[in-house]
file run-v1.txt (compact mmCIF, C-alpha atoms)
# COMPACT_ATOMS: atom_id res chain seq x y z
CA MET A 1 0.00 0.00 0.00
CA THR A 2 1.37 3.43 -0.93
CA VAL A 3 1.61 6.25 1.59
CA ALA A 4 -1.19 8.07 -0.22
CA SER A 5 -3.52 5.08 -0.09
CA SER A 6 -2.62 4.56 3.58
CA ALA A 7 -3.59 8.16 4.37
CA ALA A 8 -6.86 7.83 2.47
CA GLN A 9 -7.69 4.56 4.26
CA ALA A 10 -6.84 6.08 7.63
CA PHE A 11 -9.23 8.94 6.85
CA ARG A 12 -12.03 6.53 5.92
CA ASP A 13 -11.44 4.44 9.04
CA ALA A 14 -11.38 7.44 11.36
CA TYR A 15 -14.13 9.59 9.88
CA GLY A 16 -16.32 7.23 7.85
CA ALA A 17 -16.11 9.30 4.69
CA GLU A 18 -13.91 10.00 1.70
CA PRO A 19 -11.36 12.83 1.99
CA THR A 20 -11.74 15.91 -0.17
CA GLY A 21 -8.15 15.50 -1.33
CA LEU A 22 -4.65 14.24 -0.67
CA TRP A 23 -1.66 16.54 -0.17
CA ALA A 24 1.97 15.42 0.12
CA ALA A 25 5.15 17.07 1.39
CA PRO A 26 8.59 15.45 1.27
CA GLY A 27 11.38 14.95 3.71
CA ARG A 28 14.71 16.45 2.76
CA VAL A 29 18.42 15.98 2.99
CA ASN A 30 20.88 18.84 2.93
CA LEU A 31 23.62 18.35 0.39
CA ILE A 32 25.77 20.90 2.19
CA GLY A 33 25.35 23.90 4.50
CA GLU A 34 24.73 22.78 8.08
CA HIS A 35 23.62 25.20 10.82
CA THR A 36 24.15 28.07 8.39
CA ASP A 37 20.42 28.73 7.99
CA TYR A 38 19.82 30.46 11.34
CA ASN A 39 23.03 32.42 10.74
CA ASP A 40 21.43 34.08 7.68
CA GLY A 41 23.66 31.95 5.46
CA PHE A 42 23.36 29.58 2.53
CA VAL A 43 22.05 26.02 2.28
CA LEU A 44 21.63 23.49 -0.52
CA PRO A 45 18.98 20.87 0.31
CA PHE A 46 16.98 18.64 -1.99
CA ALA A 47 13.67 16.87 -1.47
CA LEU A 48 13.46 13.13 -0.93
CA PRO A 49 10.98 10.74 -2.57
CA GLN A 50 9.66 9.92 0.93
CA HIS A 51 6.60 11.96 1.95
CA VAL A 52 4.07 12.78 4.60
CA VAL A 53 0.61 12.61 3.02
CA ALA A 54 -2.40 14.43 4.46
CA ALA A 55 -5.88 13.20 3.57
CA ALA A 56 -8.19 16.04 4.52
CA SER A 57 -11.71 17.45 4.36
CA PRO A 58 -13.45 20.50 5.80
CA ALA A 59 -15.22 19.89 9.12
CA GLU A 60 -18.32 21.33 10.71
CA GLY A 61 -17.85 23.14 13.98
CA PRO A 62 -14.90 25.14 15.29
CA ASP A 63 -12.34 22.40 15.86
CA TRP A 64 -9.63 20.50 13.97
CA THR A 65 -9.28 16.74 14.36
CA VAL A 66 -6.17 14.87 13.33
CA CYS A 67 -5.11 11.24 13.34
CA SER A 68 -2.30 9.28 11.79
CA THR A 69 -1.02 5.84 10.96
CA PHE A 70 1.97 6.45 13.26
CA ALA A 71 0.09 7.17 16.52
CA GLU A 72 -2.86 5.76 18.40
CA GLY A 73 -6.21 7.55 18.44
CA SER A 74 -7.13 11.03 17.27
CA VAL A 75 -6.55 14.52 18.66
CA SER A 76 -9.06 17.37 18.50
CA PHE A 77 -8.22 20.97 19.27
CA GLY A 78 -9.59 24.47 18.87
CA ALA A 79 -7.64 27.69 18.64
CA THR A 80 -4.75 27.27 21.09
CA GLU A 81 -1.74 29.19 22.28
CA PRO A 82 1.84 27.88 21.77
CA GLY A 83 2.34 24.61 23.58
CA GLY A 84 -1.36 23.96 23.87
CA VAL A 85 -1.17 20.68 21.97
CA GLU A 86 1.75 18.35 22.57
CA GLY A 87 3.23 15.40 20.68
CA TRP A 88 3.07 14.97 16.93
CA ALA A 89 -0.31 16.74 16.71
CA GLY A 90 1.34 19.87 18.09
CA TYR A 91 3.06 20.42 14.75
CA VAL A 92 -0.33 20.54 13.04
CA ALA A 93 -1.85 22.73 15.77
CA GLY A 94 1.17 24.99 15.36
CA VAL A 95 0.40 25.44 11.67
CA VAL A 96 -3.20 26.37 12.49
CA TRP A 97 -1.96 28.84 15.12
CA ALA A 98 0.62 30.39 12.79
CA LEU A 99 -1.97 30.83 10.03
CA GLN A 100 -4.35 32.51 12.47
CA GLU A 101 -1.56 34.73 13.81
CA ALA A 102 -0.94 35.81 10.22
CA GLY A 103 -4.57 36.89 9.90
CA PHE A 104 -6.01 33.93 8.00
CA GLU A 105 -9.36 32.31 8.71
CA VAL A 106 -8.31 28.68 8.87
CA PRO A 107 -11.00 26.19 7.89
CA PRO A 108 -11.82 23.61 10.56
CA ALA A 109 -10.79 20.28 9.11
CA ARG A 110 -10.45 16.58 9.64
CA ILE A 111 -7.06 15.24 8.58
CA ALA A 112 -5.45 11.80 8.52
CA PHE A 113 -1.71 11.52 8.00
CA ALA A 114 0.53 8.74 6.76
CA SER A 115 4.27 8.87 6.22
CA ASP A 116 7.29 6.98 4.98
CA VAL A 117 9.72 9.73 6.04
CA PRO A 118 12.03 8.17 8.66
CA VAL A 119 11.54 9.75 12.09
CA GLY A 120 14.64 10.76 14.03
CA ALA A 121 16.93 10.32 11.03
CA GLY A 122 17.64 13.98 10.37
CA VAL A 123 15.57 14.15 7.18
CA SER A 124 12.97 16.59 8.53
CA SER A 125 9.94 14.46 9.20
CA SER A 126 8.54 17.33 11.29
CA ALA A 127 8.89 19.87 8.48
CA ALA A 128 7.23 17.42 6.08
CA LEU A 129 4.32 17.05 8.51
CA GLU A 130 3.97 20.81 8.89
CA SER A 131 4.24 21.39 5.15
CA ALA A 132 1.65 18.74 4.28
CA ALA A 133 -0.78 20.19 6.84
CA LEU A 134 -0.14 23.73 5.65
CA THR A 135 -0.59 22.87 1.98
CA ALA A 136 -3.85 21.08 2.70
CA LEU A 137 -5.29 23.83 4.90
CA VAL A 138 -4.33 26.60 2.48
CA GLU A 139 -6.12 24.87 -0.36
CA LEU A 140 -9.13 23.76 1.68
CA GLY A 141 -9.63 27.34 2.84
CA GLY A 142 -8.76 29.03 -0.44
CA LEU A 143 -6.20 31.07 1.49
CA GLU A 144 -4.12 33.62 -0.43
CA LEU A 145 -0.71 32.56 0.83
CA PRO A 146 2.01 32.60 -1.86
CA VAL A 147 4.27 29.57 -1.95
CA ALA A 148 7.32 31.76 -1.28
CA ASP A 149 5.78 32.89 2.03
CA ARG A 150 4.80 29.46 3.30
CA PRO A 151 8.15 28.22 4.69
CA ALA A 152 8.45 31.12 7.12
CA LEU A 153 4.97 30.45 8.45
CA ALA A 154 5.69 26.74 8.92
CA GLN A 155 8.98 27.61 10.61
CA ARG A 156 7.14 29.92 13.01
CA ALA A 157 4.86 27.01 13.93
CA GLU A 158 7.89 24.90 14.86
CA ASN A 159 9.90 27.65 16.56
CA VAL A 160 7.17 29.31 18.60
CA TYR A 161 4.40 26.75 19.00
CA VAL A 162 6.44 23.55 19.30
CA GLY A 163 9.53 25.24 20.75
CA ALA A 164 12.17 23.80 18.43
CA PRO A 165 14.73 26.49 17.42
CA THR A 166 15.19 25.32 13.83
CA GLY A 167 16.11 27.51 10.87
CA ILE A 168 14.06 27.95 7.73
CA MET A 169 15.85 25.41 5.54
CA ASP A 170 13.71 22.37 6.33
CA GLN A 171 10.36 23.97 5.53
CA SER A 172 11.81 25.70 2.46
CA ALA A 173 13.05 22.39 1.09
CA SER A 174 9.79 20.57 1.76
CA ILE A 175 7.72 23.30 0.12
CA ARG A 176 9.94 24.82 -2.60
CA CYS A 177 12.15 22.04 -4.00
CA THR A 178 11.71 20.82 -7.57
CA GLU A 179 12.45 17.46 -9.15
CA GLY A 180 16.01 16.89 -10.33
CA ARG A 181 17.30 20.03 -8.62
CA ALA A 182 18.95 21.11 -5.39
CA LEU A 183 17.52 24.23 -3.76
CA PHE A 184 20.11 26.98 -3.32
CA LEU A 185 18.57 29.11 -0.60
CA ASP A 186 19.81 32.42 0.75
CA CYS A 187 18.39 32.28 4.27
CA ARG A 188 18.51 36.07 4.66
CA SER A 189 16.78 37.21 1.48
CA LEU A 190 14.90 33.91 1.04
CA GLU A 191 15.82 34.02 -2.64
CA VAL A 192 16.09 30.59 -4.22
CA GLU A 193 17.74 29.13 -7.27
CA GLN A 194 17.04 25.66 -8.57
CA ILE A 195 20.47 24.12 -9.21
CA PRO A 196 20.70 21.20 -11.70
CA PHE A 197 21.60 18.02 -9.87
CA ASP A 198 21.24 15.18 -12.38
CA LEU A 199 23.13 12.41 -10.66
CA ALA A 200 22.02 9.65 -13.03
CA ALA A 201 23.31 11.46 -16.11
CA ALA A 202 26.73 11.66 -14.46
CA GLY A 203 26.69 7.99 -13.49
CA LEU A 204 26.54 8.95 -9.82
CA ALA A 205 24.28 8.43 -6.83
CA ILE A 206 23.80 9.86 -3.37
CA LEU A 207 23.55 7.01 -0.90
CA ILE A 208 21.74 7.87 2.32
CA ILE A 209 23.02 5.97 5.35
CA ASN A 210 20.72 6.16 8.36
CA SER A 211 23.07 5.90 11.31
CA ASN A 212 20.25 4.67 13.56
CA ALA A 213 21.45 7.09 16.21
CA PRO A 214 18.28 9.18 16.58
CA HIS A 215 18.55 12.84 17.46
CA GLN A 216 16.21 15.32 19.10
CA HIS A 217 16.31 19.03 18.25
CA VAL A 218 14.18 20.23 21.15
CA ASP A 219 16.95 19.30 23.58
CA GLY A 220 19.64 21.74 24.65
CA GLU A 221 22.44 20.99 22.19
CA TYR A 222 20.92 22.56 19.08
CA GLY A 223 19.80 25.59 21.03
CA ALA A 224 23.23 25.95 22.61
CA ARG A 225 24.89 26.06 19.18
CA ARG A 226 22.46 28.72 18.01
CA LYS A 227 22.96 30.84 21.12
CA SER A 228 26.75 30.60 20.74
CA CYS A 229 26.54 31.81 17.13
CA GLU A 230 24.26 34.71 18.03
CA GLU A 231 26.55 35.78 20.87
CA ALA A 232 29.60 35.61 18.59
CA ALA A 233 27.85 37.79 16.01
CA ARG A 234 27.10 40.33 18.74
CA ILE A 235 30.74 40.40 19.84
CA LEU A 236 31.92 40.80 16.25
CA GLY A 237 29.41 43.56 15.59
CA VAL A 238 27.73 41.89 12.61
CA PRO A 239 24.04 41.14 12.06
CA ALA A 240 24.84 37.42 11.67
CA LEU A 241 27.85 35.20 11.12
CA ARG A 242 27.02 35.18 7.42
CA ASP A 243 28.53 38.68 7.39
CA VAL A 244 32.00 37.52 8.45
CA ASP A 245 34.17 37.58 5.31
CA PRO A 246 36.19 34.36 4.93
CA ALA A 247 39.19 36.52 4.03
CA GLY A 248 38.94 38.19 7.43
CA LEU A 249 38.17 35.03 9.40
CA ASP A 250 41.47 34.87 11.29
CA ALA A 251 41.12 38.46 12.42
CA ALA A 252 37.55 37.83 13.53
CA LEU A 253 38.53 34.72 15.47
CA ALA A 254 41.25 36.68 17.27
CA ARG A 255 38.54 38.96 18.70
CA LEU A 256 36.72 36.08 20.38
CA GLY A 257 37.60 35.19 23.93
CA ASP A 258 37.38 31.41 24.03
CA ASP A 259 38.33 28.50 21.80
CA VAL A 260 34.87 26.92 21.70
CA THR A 261 33.30 30.08 20.28
CA ARG A 262 36.14 30.42 17.78
CA ARG A 263 35.53 26.91 16.51
CA ARG A 264 31.80 27.48 16.21
CA VAL A 265 32.38 30.62 14.16
CA ARG A 266 34.99 28.94 11.97
CA HIS A 267 32.53 26.21 11.06
CA ILE A 268 29.78 28.63 10.04
CA VAL A 269 32.03 30.90 7.97
CA THR A 270 33.80 28.07 6.16
CA GLU A 271 30.57 26.12 5.69
CA ASN A 272 28.92 29.07 3.97
CA GLN A 273 31.85 29.23 1.58
CA ARG A 274 31.61 25.50 0.93
CA VAL A 275 27.97 25.95 -0.11
CA LEU A 276 28.92 28.69 -2.57
CA ASP A 277 31.76 26.58 -3.96
CA THR A 278 29.46 23.57 -4.34
CA VAL A 279 26.88 25.63 -6.20
CA GLU A 280 29.52 26.85 -8.65
CA LEU A 281 30.66 23.30 -9.37
CA LEU A 282 27.10 22.08 -9.90
CA ARG A 283 26.30 24.97 -12.22
CA ALA A 284 29.29 23.80 -14.28
CA GLY A 285 28.11 20.18 -14.22
CA ARG A 286 31.18 19.06 -12.22
CA ILE A 287 29.31 16.91 -9.72
CA ARG A 288 32.16 14.58 -8.77
CA GLU A 289 34.25 17.54 -7.66
CA ILE A 290 31.87 18.43 -4.84
CA GLY A 291 33.02 15.31 -2.96
CA PRO A 292 35.97 16.91 -1.14
CA LEU A 293 33.73 19.80 -0.07
CA MET A 294 31.28 17.32 1.45
CA THR A 295 34.07 15.58 3.35
CA ALA A 296 35.52 18.89 4.56
CA SER A 297 32.05 19.86 5.75
CA HIS A 298 31.86 16.70 7.84
CA ALA A 299 35.28 17.31 9.38
CA SER A 300 34.16 20.83 10.31
CA MET A 301 30.96 19.56 11.91
CA ARG A 302 32.94 16.93 13.80
CA ASP A 303 35.85 19.05 15.01
CA ASP A 304 34.62 22.66 15.10
CA PHE A 305 30.87 22.46 15.62
CA GLU A 306 31.00 19.16 17.55
CA ILE A 307 27.64 17.81 16.42
CA THR A 308 28.54 14.36 15.11
CA VAL A 309 28.40 11.05 16.98
CA ALA A 310 30.43 7.88 16.63
CA GLN A 311 27.94 6.18 14.32
CA VAL A 312 27.99 8.95 11.71
CA ASP A 313 31.76 9.32 11.90
CA VAL A 314 32.23 5.59 11.31
CA ALA A 315 29.76 5.66 8.39
CA VAL A 316 31.63 8.56 6.75
CA GLU A 317 35.00 6.87 7.19
CA ALA A 318 33.76 3.54 5.85
CA ALA A 319 32.09 5.11 2.81
CA LEU A 320 35.22 7.05 1.94
CA ALA A 321 37.39 3.95 2.36
CA ALA A 322 35.02 2.14 -0.03
CA GLY A 323 35.66 4.75 -2.72
CA ALA A 324 33.03 7.45 -2.14
CA TYR A 325 33.96 10.80 -3.70
CA GLY A 326 32.77 12.53 -0.54
CA ALA A 327 30.66 11.85 2.54
CA ARG A 328 29.15 13.93 5.31
CA MET A 329 26.52 13.95 8.00
CA THR A 330 23.34 15.77 7.01
CA GLY A 331 20.88 17.48 9.33
CA GLY A 332 21.10 19.13 12.71
CA GLY A 333 23.44 16.57 14.18
CA PHE A 334 23.78 14.29 17.21
CA GLY A 335 22.61 11.37 15.07
CA GLY A 336 20.70 11.14 11.84
CA CYS A 337 21.94 10.35 8.35
CA VAL A 338 25.11 10.41 6.27
CA LEU A 339 25.26 11.24 2.56
CA ALA A 340 27.85 9.53 0.37
CA LEU A 341 28.51 10.61 -3.22
CA ILE A 342 29.34 7.40 -5.09
CA ASP A 343 29.40 5.81 -8.51
CA ALA A 344 25.88 4.61 -9.22
CA ASP A 345 26.94 0.98 -9.51
CA ARG A 346 28.70 0.90 -6.13
CA ALA A 347 25.75 1.29 -3.77
CA ASP A 348 25.82 -2.35 -2.64
CA GLU A 349 29.58 -2.29 -2.15
CA THR A 350 29.44 0.92 -0.12
CA THR A 351 26.56 -0.37 1.99
CA ALA A 352 28.43 -3.58 2.73
CA ALA A 353 31.51 -1.62 3.80
CA VAL A 354 29.50 0.49 6.22
CA GLU A 355 27.72 -2.58 7.59
CA ARG A 356 31.06 -4.26 8.26
CA ALA A 357 32.36 -1.19 10.05
CA TYR A 358 29.20 -1.01 12.16
CA ALA A 359 29.52 -4.68 13.09
CA GLU A 360 33.11 -4.09 14.20
CA HIS A 361 31.90 -1.34 16.53
CA ASP A 362 28.83 -3.28 17.75
CA PHE A 363 26.51 -0.59 16.38
CA THR A 364 22.96 -1.29 15.28
CA ALA A 365 23.03 -2.05 11.55
CA PRO A 366 22.40 1.02 9.38
CA ALA A 367 19.67 1.39 6.79
CA THR A 368 20.62 2.69 3.34
CA TRP A 369 18.79 3.90 0.27
CA PRO A 370 19.55 6.03 -2.80
CA ALA A 371 18.37 9.63 -2.77
CA VAL A 372 16.83 11.12 -5.90
CA PRO A 373 15.95 14.84 -5.86
CA GLY A 374 12.17 15.07 -5.90
CA PRO A 375 9.44 17.73 -5.96
CA GLY A 376 8.14 19.79 -3.06
CA ALA A 377 4.70 19.90 -1.47
CA ALA A 378 1.74 19.46 -3.80
CA ARG A 379 -1.78 18.12 -4.09
CA LEU A 380 -1.90 14.52 -5.24
CA SER A 381 -5.62 14.17 -5.87
call {"tool": "encode", "arguments": {"input": "run-v1.txt", "output": "structure tokens"}}
result
Amino acid sequence: MTVASSAAQAFRDAYGAEPTGLWAAPGRVNLIGEHTDYNDGFVLPFALPQHVVAAASPAEGPDWTVCSTFAEGSVSFGATEPGGVEGWAGYVAGVVWALQEAGFEVPPARIAFASDVPVGAGVSSSAALESAALTALVELGGLELPVADRPALAQRAENVYVGAPTGIMDQSASIRCTEGRALFLDCRSLEVEQIPFDLAAAGLAILIINSNAPHQHVDGEYGARRKSCEEAARILGVPALRDVDPAGLDAALARLGDDVTRRRVRHIVTENQRVLDTVELLRAGRIREIGPLMTASHASMRDDFEITVAQVDVAVEAALAAGAYGARMTGGGFGGCVLALIDADRADETTAAVERAYAEHDFTAPATWPAVPGPGAARLS
């Protein structure tokens, strides 16, 4: 059964009727540009073929009711303040709240969700959930909300209502990506460029390796990194670390009082430059040459930003030893997935190498699958 048919069946089982429509929003991986988004920097995600699907219909009365194939029972809620609904349903309630805060009359609705986006793997299952709910509610209500404005609203739902201090990349990728492209996003201006990323034509593949070391963004580590970056920008007298010129990085670091802050700043400044360099190579069709940038990004996350864990480090090392052109952790860190840029015919060989390395370390076996850049949120039927 497909995810779409699962959502439709869940709707029928819960509400005894057919849904008005089905809306899907994908998970994402970030090719490069980690923790740069909330520093007003640059990111380069692409959408996955895995989706959250919302089967939805308008409802009578003032409330919204949601259910899913990944949780027991249903949850009903009216207009609530941040934190009023907890658990997975809070992400949907947050979207309703953010729409209302923006002045929209949100149609009461019944929604059933299904998903094949891995949870806790760093591929933005929460953003996919928010984006599917938002896309469905906007269309059900005939709301005049341009696509370009939707990621910021979904981000506000997660930041303020749920309390997760994420940047705007995840929602932007889930909503604005296009098939066969990576999304070059300037997180300050919110300008986007769809960058050609035709792996198959180059005989290449991106292998996703789920480290099976789940992470949680609402905990203190992600927030601590963000606070450190904001404090460093204040000390340096710039609006955000995006404004630190790589050519003046050493001078900027010398103005910071402790080594931890210096390393955090070095990661952000060099990572922004790696995104720009990657974009230039992809524009020129030189996909293989982005591999060393991916690997350098991982080393920076490991050594300067300190957000990797043993499982992802071992996966990166094993993939590189098996011949990957580059490999790096993707996502907020402290678990999640690794991306490996490989020859298309070496997926099995690379997977086997990582599995052997995991066995040697007594880690839970990883899951792997190829990533193909897909489209963003849309109505299915």
call {"tool": "atom_distance", "arguments": {"input": "run-v1.txt", "atom1": "CA of Ala296 (chain A)", "atom2": "CA of Val43 (chain A)"}}
result
15.4 Å
call {"tool": "atom_distance", "arguments": {"input": "run-v1.txt", "atom1": "CA of Glu191 (chain A)", "atom2": "CA of Ala102 (chain A)"}}
result
21.2 Å
call {"tool": "closest_residue", "arguments": {"input": "run-v1.txt", "among": "A:Ala127, A:Leu204, A:Leu134, A:Ala371", "to": "Val147 (chain A)", "atoms": "only C-alpha atoms"}}
result
A:Leu134
call {"tool": "residues_around", "arguments": {"input": "run-v1.txt", "residues": "Ala357 (chain A)", "least_positions_apart": "6", "cutoff": "12 Å", "atoms": "all atoms listed in the file", "output": "list in words"}}
result
Ser211, Ala310, Gln311, Val312, Asp313, Val314, Ala315, Val316, Glu317, Ala318, Ala319, Leu320, Ala321, Ala322, Thr350, Thr351, Phe363, Thr364, Ala365 and Pro366 of chain A
call {"tool": "closest_residue", "arguments": {"input": "run-v1.txt", "among": "A:Pro58, A:Pro118, A:Pro151, A:Gly333", "to": "His35 (chain A)", "atoms": "all atoms listed in the file"}}
result
A:Gly333
call {"tool": "residues_around", "arguments": {"input": "run-v1.txt", "residues": "Arg255 (chain A)", "least_positions_apart": "3", "cutoff": "9 Å", "atoms": "all atoms listed in the file", "output": "ChimeraX atom specification"}}
result
/A:235-236,250-252,262
call {"tool": "write_last_selection", "arguments": {"input": "run-v1.txt", "atoms": "C-alpha atoms", "output": "short mmCIF file (atom, residue, chain, number, x, y, z; two decimals), in the coordinates of the input"}}
result
data_model
loop_
_atom_site.label_atom_id
_atom_site.label_comp_id
_atom_site.auth_asym_id
_atom_site.auth_seq_id
_atom_site.Cartn_x
_atom_site.Cartn_y
_atom_site.Cartn_z
CA ILE A 235 30.74 40.40 19.84
CA LEU A 236 31.92 40.80 16.25
CA ASP A 250 41.47 34.87 11.29
CA ALA A 251 41.12 38.46 12.42
CA ALA A 252 37.55 37.83 13.53
CA ARG A 262 36.14 30.42 17.78
#
call {"tool": "atom_distance", "arguments": {"input": "run-v1.txt", "atom1": "CA of Ala157 (chain A)", "atom2": "CA of Ala89 (chain A)"}}
result
11.8 Å
call {"tool": "residues_near_point", "arguments": {"input": "run-v1.txt", "point": "(8.2, 2.4, 5.3)", "cutoff": "12 Å", "atoms": "all atoms listed in the file", "output": "JSON, numbers by chain"}}
result
{"A": [1, 2, 3, 6, 49, 50, 51, 52, 69, 70, 114, 115, 116, 117, 118, 119, 367, 369]}
call {"tool": "closest_residue", "arguments": {"input": "run-v1.txt", "among": "A:Ser74, A:Ala182, A:Gly33, A:Gly61", "to": "Ala10 (chain A)", "atoms": "only C-alpha atoms"}}
result
A:Ser74
call {"tool": "closest_residue", "arguments": {"input": "run-v1.txt", "among": "A:Ile208, A:Leu48, A:Thr166, A:Ser68", "to": "Gln9 (chain A)", "atoms": "all atoms listed in the file"}}
result
A:Ser68
call {"tool": "closest_residue", "arguments": {"input": "run-v1.txt", "among": "A:Arg288, A:Pro19, A:Arg156, A:Pro107", "to": "Glu60 (chain A)", "atoms": "only C-alpha atoms"}}
result
A:Pro107
call {"tool": "residues_near_point", "arguments": {"input": "run-v1.txt", "point": "(19.8, 30.9, 10.3)", "cutoff": "8 Å", "atoms": "only C-alpha atoms", "output": "count of residues only"}}
result
11
call {"tool": "closest_residue", "arguments": {"input": "run-v1.txt", "among": "A:Glu139, A:Glu105, A:Arg110, A:Val95", "to": "Val66 (chain A)", "atoms": "only C-alpha atoms"}}
result
A:Arg110
call {"tool": "residues_around", "arguments": {"input": "run-v1.txt", "residues": "Thr278 (chain A)", "least_positions_apart": "4", "cutoff": "8 Å", "atoms": "all atoms listed in the file", "output": "list in words"}}
result
Ile32, Arg274, Leu282, Ile290 and Leu293 of chain A
call {"tool": "residues_around", "arguments": {"input": "run-v1.txt", "residues": "Ser228 (chain A)", "least_positions_apart": "6", "cutoff": "9 Å", "atoms": "all atoms listed in the file", "output": "ChimeraX atom specification"}}
result
/A:260-261,264-265
call {"tool": "build_atoms", "arguments": {"input": "run-v1.txt", "residues": "region 365-379 of chain A", "atoms": "N, CA, C and O atoms", "output": "tab-separated table (two decimals), keeping the file's coordinate frame"}}
result
chain	number	residue	atom	x	y	z
A	365	ALA	N	22.80	-2.10	12.99
A	365	ALA	CA	23.03	-2.05	11.55
A	365	ALA	C	22.34	-0.83	10.94
A	365	ALA	O	21.20	-0.51	11.30
A	366	PRO	N	23.00	-0.15	10.02
A	366	PRO	CA	22.40	1.02	9.38
A	366	PRO	C	21.41	0.62	8.29
A	366	PRO	O	21.47	-0.49	7.75
A	367	ALA	N	20.53	1.55	7.96
A	367	ALA	CA	19.67	1.39	6.79
A	367	ALA	C	20.19	2.31	5.70
A	367	ALA	O	20.68	3.41	5.99
A	368	THR	N	20.13	1.87	4.45
A	368	THR	CA	20.62	2.69	3.34
A	368	THR	C	19.60	2.72	2.22
A	368	THR	O	18.84	1.77	2.04
A	369	TRP	N	19.61	3.82	1.47
A	369	TRP	CA	18.79	3.90	0.27
A	369	TRP	C	19.32	5.04	-0.60
A	369	TRP	O	19.94	5.97	-0.10
A	370	PRO	N	19.10	4.95	-1.91
A	370	PRO	CA	19.55	6.03	-2.80
A	370	PRO	C	18.61	7.22	-2.72
A	370	PRO	O	17.39	7.05	-2.57
A	371	ALA	N	19.17	8.41	-2.82
A	371	ALA	CA	18.37	9.63	-2.77
A	371	ALA	C	18.28	10.23	-4.16
A	371	ALA	O	19.29	10.44	-4.83
A	372	VAL	N	17.06	10.49	-4.61
A	372	VAL	CA	16.83	11.12	-5.90
A	372	VAL	C	16.09	12.42	-5.66
A	372	VAL	O	15.05	12.43	-5.01
A	373	PRO	N	16.61	13.57	-6.13
A	373	PRO	CA	15.95	14.84	-5.86
A	373	PRO	C	14.52	14.87	-6.40
A	373	PRO	O	14.28	14.65	-7.59
A	374	GLY	N	13.57	15.10	-5.51
A	374	GLY	CA	12.17	15.07	-5.90
A	374	GLY	C	11.49	16.42	-5.75
A	374	GLY	O	12.11	17.41	-5.38
A	375	PRO	N	10.18	16.47	-6.03
A	375	PRO	CA	9.44	17.73	-5.96
A	375	PRO	C	8.99	18.06	-4.54
A	375	PRO	O	8.98	17.21	-3.66
A	376	GLY	N	8.63	19.33	-4.34
A	376	GLY	CA	8.14	19.79	-3.06
A	376	GLY	C	6.66	19.53	-2.87
A	376	GLY	O	6.04	18.75	-3.62
A	377	ALA	N	6.08	20.17	-1.87
A	377	ALA	CA	4.70	19.90	-1.47
A	377	ALA	C	3.72	20.17	-2.61
A	377	ALA	O	3.85	21.16	-3.34
A	378	ALA	N	2.72	19.31	-2.72
A	378	ALA	CA	1.74	19.46	-3.80
A	378	ALA	C	0.51	18.61	-3.50
A	378	ALA	O	0.55	17.69	-2.68
A	379	ARG	N	-0.56	18.95	-4.17
A	379	ARG	CA	-1.78	18.12	-4.09
A	379	ARG	C	-1.60	16.90	-4.99
A	379	ARG	O	-1.15	17.01	-6.13
